[in-house]
Amino acid sequence: MNARSAVPVVLALVVFVAAWKIVTIVSGFPPYILPPPEQVATRFVQAWADGIITPHAVATVREVVAGFAVGAGLAVAVGYVLARSRLAERVLSPYLVAAQATPILALAPLLALWFPDGLTGKIVICALIVFFPVAVATMVGIRSVDTGLLELGRSLRATPRQIFLTLEIPAALPSILGGMRVGVTLAVIGAIVGEWAGAERGLGVLVNLARGSLFDIPLMFATLLTIALLGVALYVLVVLVERRLVGAR
Amino acid sequence: MTVATSAPPLAAASASRGGRVTAHDVAVSFGRPDGGRLAALDGVDLEIGPGEVVALIGPNGSGKSTLLRVVAGLLRPDRGTVELDGRPITEPDPGIGLVFQEPRLLPWRSVASNVGYPLELAGWPAGRRAARVGELIGLVGLEGAAELRPRELSGGMRQRAAIARALALEPSVLLLDEPFSALDALTRERFNVELLDLWARTGTTILVVTHSIPEAVFLADRVTVLSPRPGRVVADIDVDLLRPRSLETLDEATVSVTAREIRRHLGRGGDE
């Protein structure tokens, strides 16, 4: 992003913060309901400086990254099978849709019960929530690979492995990465929900602590801000990978 | 393909290595949605000698492209056989290069990488591959475009890249399915001259499907005319024109005489 294209982005941010500030003034909400932006900003900087947020953020990032890797990896494999086998699609898709339709919030306590050791349960929740959008995107992407290119591959005696690696995956990559964009932000939600269902550390835990025993609402907002920034950062990361891999087409 | 004065070494070395293609009693039918069969080809015989250029012409739906796919080993006939130098063709063969109607380049690869794609699939080491790709790029006159992406090329340049790719493994037979049909008339004429130049330098046998009678006459030693569906060979017409041919060749009286004969055989089913 160059300086000129950054102008509207910065402008939007200023408008947002100003609106927030105006609401706190006009409504007269006390700071424990809606703290003004400068108070949240101060607390955000302070909490990071004091090292209050860091261990929680590290725990959440670890869950998100591992969960996303597992979920997206499995989703690409399953999405490929769904795209190439009508039978697999008929047999598996009802379960996939049912799993997707079940709120992750309802599954989290169960998963916390099954995986009490901390990290594993959160990875499973993140993987579950990431899985569906990436699997569907992969399936659509692989199905839409130009049949002319597949015939070309066949005419050049490409092995199934070569067809997969040199034709299907590169052709479906824009679609797969589109699914990952959605998936990576969902992974953050998965981690927070997993932490709420039971954890000792994590940004989800810190939100609860700040609201509950600490009763530090500005800290709670600072944590929410951290979660939002984490989501944005991961999203931007996927976009950068996408630019790198498919940008030059 | 601005006619290069010095033929690349490998291309020269491969001169007069055209393959012999024989098809015998080839029949192909396709399933229809209503459960019936649609006969596309019925009892086609074809004999193409080493280094010969044969044009396959026929009305829409006469199964020209289908026949080309059978020869390419992409489609199994219901009946009949196809042989390359006496060897039955039942699947795609490295001795046969195929140029489709559309360039079918991989959009995410550069021109050079597209041209080298068959070599990559065949497991050539990178160094040898790069050398061969360099020759091929020169052969079709794409120097300077090697690192461009397909979308940055004109339609004609894309088809050149596709031809270079088809020649990568030095096939003894080159099959072309209406290769220049997407190009404008002038570019098309120029490409036909260049195709003949390529043919003269590589010595491959050529089977080219076309819709155009002048194109068929200009390119071929022999024009094979197919009937409307189901396709059968209705005529095999020798083209009595000297080589090398140039655009002026098209003005010779023989051209119009041959064209008239072809048109007669295309009959009422013909649409050109």
# chains A, B, ... in the order shown; residues from 1 in each chain; ligands from 1
$ interface_residues --of "chain A" --to "chain B" --cutoff "10 Å" --atoms "only C-alpha atoms" --output "PyMOL selection string"
chain A and resi 146-159+162-163+166-167+170-171+245-249
$ atom_distance --atom1 "CA of Leu11 in chain A" --atom2 "CA of Pro30 in chain A"
27.4 Å
$ closest_residue --among "A:Val15, A:Ile217, A:Ala172, A:Leu107" --to "Cys126 in chain A" --atoms "only C-alpha atoms"
A:Leu107
$ atom_distance --atom1 "CA of Val225 in chain B" --atom2 "CA of Gly58 in chain B"
5.6 Å
$ residues_around --residues "Val23 in chain A" --least-positions-apart "5" --cutoff "12 Å" --atoms "only C-alpha atoms" --output "PyMOL selection string"
chain A and resi 16-18+28-31+33-37
$ write_last_selection --atoms "N, CA and C atoms" --output "short mmCIF file (atom, residue, chain, number, x, y, z; two decimals), in the first residue's frame"
data_model
loop_
_atom_site.label_atom_id
_atom_site.label_comp_id
_atom_site.auth_asym_id
_atom_site.auth_seq_id
_atom_site.Cartn_x
_atom_site.Cartn_y
_atom_site.Cartn_z
N PHE A 16 -13.92 6.57 12.76
CA PHE A 16 -14.39 5.56 13.71
C PHE A 16 -14.08 5.98 15.15
N VAL A 17 -12.84 6.36 15.38
CA VAL A 17 -12.43 6.74 16.73
C VAL A 17 -13.19 7.99 17.20
N ALA A 18 -13.36 8.93 16.28
CA ALA A 18 -14.09 10.16 16.62
C ALA A 18 -15.53 9.84 17.00
N GLY A 28 -23.03 9.77 27.85
CA GLY A 28 -22.72 9.85 29.26
C GLY A 28 -22.53 8.49 29.92
N PHE A 29 -22.28 7.43 29.11
CA PHE A 29 -22.00 6.11 29.69
C PHE A 29 -20.78 6.20 30.60
N PRO A 30 -20.84 5.58 31.76
CA PRO A 30 -19.65 5.56 32.62
C PRO A 30 -18.55 4.70 31.98
N PRO A 31 -17.29 4.93 32.33
CA PRO A 31 -16.18 4.19 31.70
C PRO A 31 -16.29 2.68 31.87
N ILE A 33 -18.88 0.98 31.39
CA ILE A 33 -19.76 0.47 30.33
C ILE A 33 -19.08 0.66 28.98
N LEU A 34 -18.71 1.90 28.68
CA LEU A 34 -18.00 2.19 27.43
C LEU A 34 -16.89 3.20 27.71
N PRO A 35 -15.65 2.71 27.88
CA PRO A 35 -14.55 3.65 28.12
C PRO A 35 -14.24 4.43 26.86
N PRO A 36 -13.83 5.68 26.97
CA PRO A 36 -13.47 6.47 25.78
C PRO A 36 -12.22 5.92 25.13
N PRO A 37 -12.04 6.19 23.85
CA PRO A 37 -10.94 5.59 23.09
C PRO A 37 -9.56 5.86 23.70
#
$ closest_residue --among "A:Ala137, A:Val76, A:Val70, A:Ile176" --to "Lys122 in chain A" --atoms "only C-alpha atoms"
A:Val70
$ residues_around --residues "Ile129 in chain A" --least-positions-apart "5" --cutoff "8 Å" --atoms "only C-alpha atoms" --output "list in words"
Gly71, Gln100, Ile104, Gly183, Leu186, Ala187 and Gly190 of chain A
$ residues_around --residues "Glu252 in chain B" --least-positions-apart "4" --cutoff "12 Å" --atoms "only C-alpha atoms" --output "list of chain:residue names"
B:Pro214, B:Val217, B:Phe218, B:Val239, B:Asp240, B:Leu241, B:Leu242, B:Arg245, B:Ser246, B:Leu247, B:Glu248, B:Ser256, B:Val257, B:Thr258, B:Ala259
$ residues_around --residues "range 48-61 of chain A" --least-positions-apart "5" --cutoff "9 Å" --atoms "only C-alpha atoms" --output "VMD selection string"
chain A and resid 43 66 119 122 188 191 to 192 195 200 to 206 222 to 223 226 to 227 230
$ select_by_dssp --residues "range 28-237 of chain A" --states "helix (DSSP H, G or I)" --output "number ranges by chain"
A: 37-50, 54-84, 86-101, 104-114, 119-143, 147-155, 160-196, 203-211, 217-237
$ closest_residue --among "A:Ala83, A:Leu128, A:Leu110, A:Leu96" --to "Gly141 in chain A" --atoms "only C-alpha atoms"
A:Ala83
$ atom_distance --atom1 "CA of Pro94 in chain A" --atom2 "CA of Ile142 in chain A"
19.9 Å
$ residues_around --residues "Val97 in chain A" --least-positions-apart "6" --cutoff "12 Å" --atoms "only C-alpha atoms" --output "list in words"
Glu89, Arg90, Val91, Pro103, Leu128, Ile129, Phe131, Phe132, Pro133, Ala135 and Val136 of chain A
$ write_last_selection --atoms "C-alpha atoms" --output "short mmCIF file (atom, residue, chain, number, x, y, z; two decimals), in the first residue's frame"
data_model
loop_
_atom_site.label_atom_id
_atom_site.label_comp_id
_atom_site.auth_asym_id
_atom_site.auth_seq_id
_atom_site.Cartn_x
_atom_site.Cartn_y
_atom_site.Cartn_z
CA GLU A 89 -19.50 -36.06 -1.93
CA ARG A 90 -22.83 -37.87 -1.53
CA VAL A 91 -21.68 -39.83 1.51
CA PRO A 103 -22.76 -23.96 16.67
CA LEU A 128 -13.21 -27.60 13.03
CA ILE A 129 -14.22 -24.03 12.38
CA PHE A 131 -12.34 -26.78 7.95
CA PHE A 132 -15.65 -26.05 6.26
CA PRO A 133 -14.91 -22.85 4.31
CA ALA A 135 -12.96 -27.56 2.13
CA VAL A 136 -15.79 -25.97 0.14
#
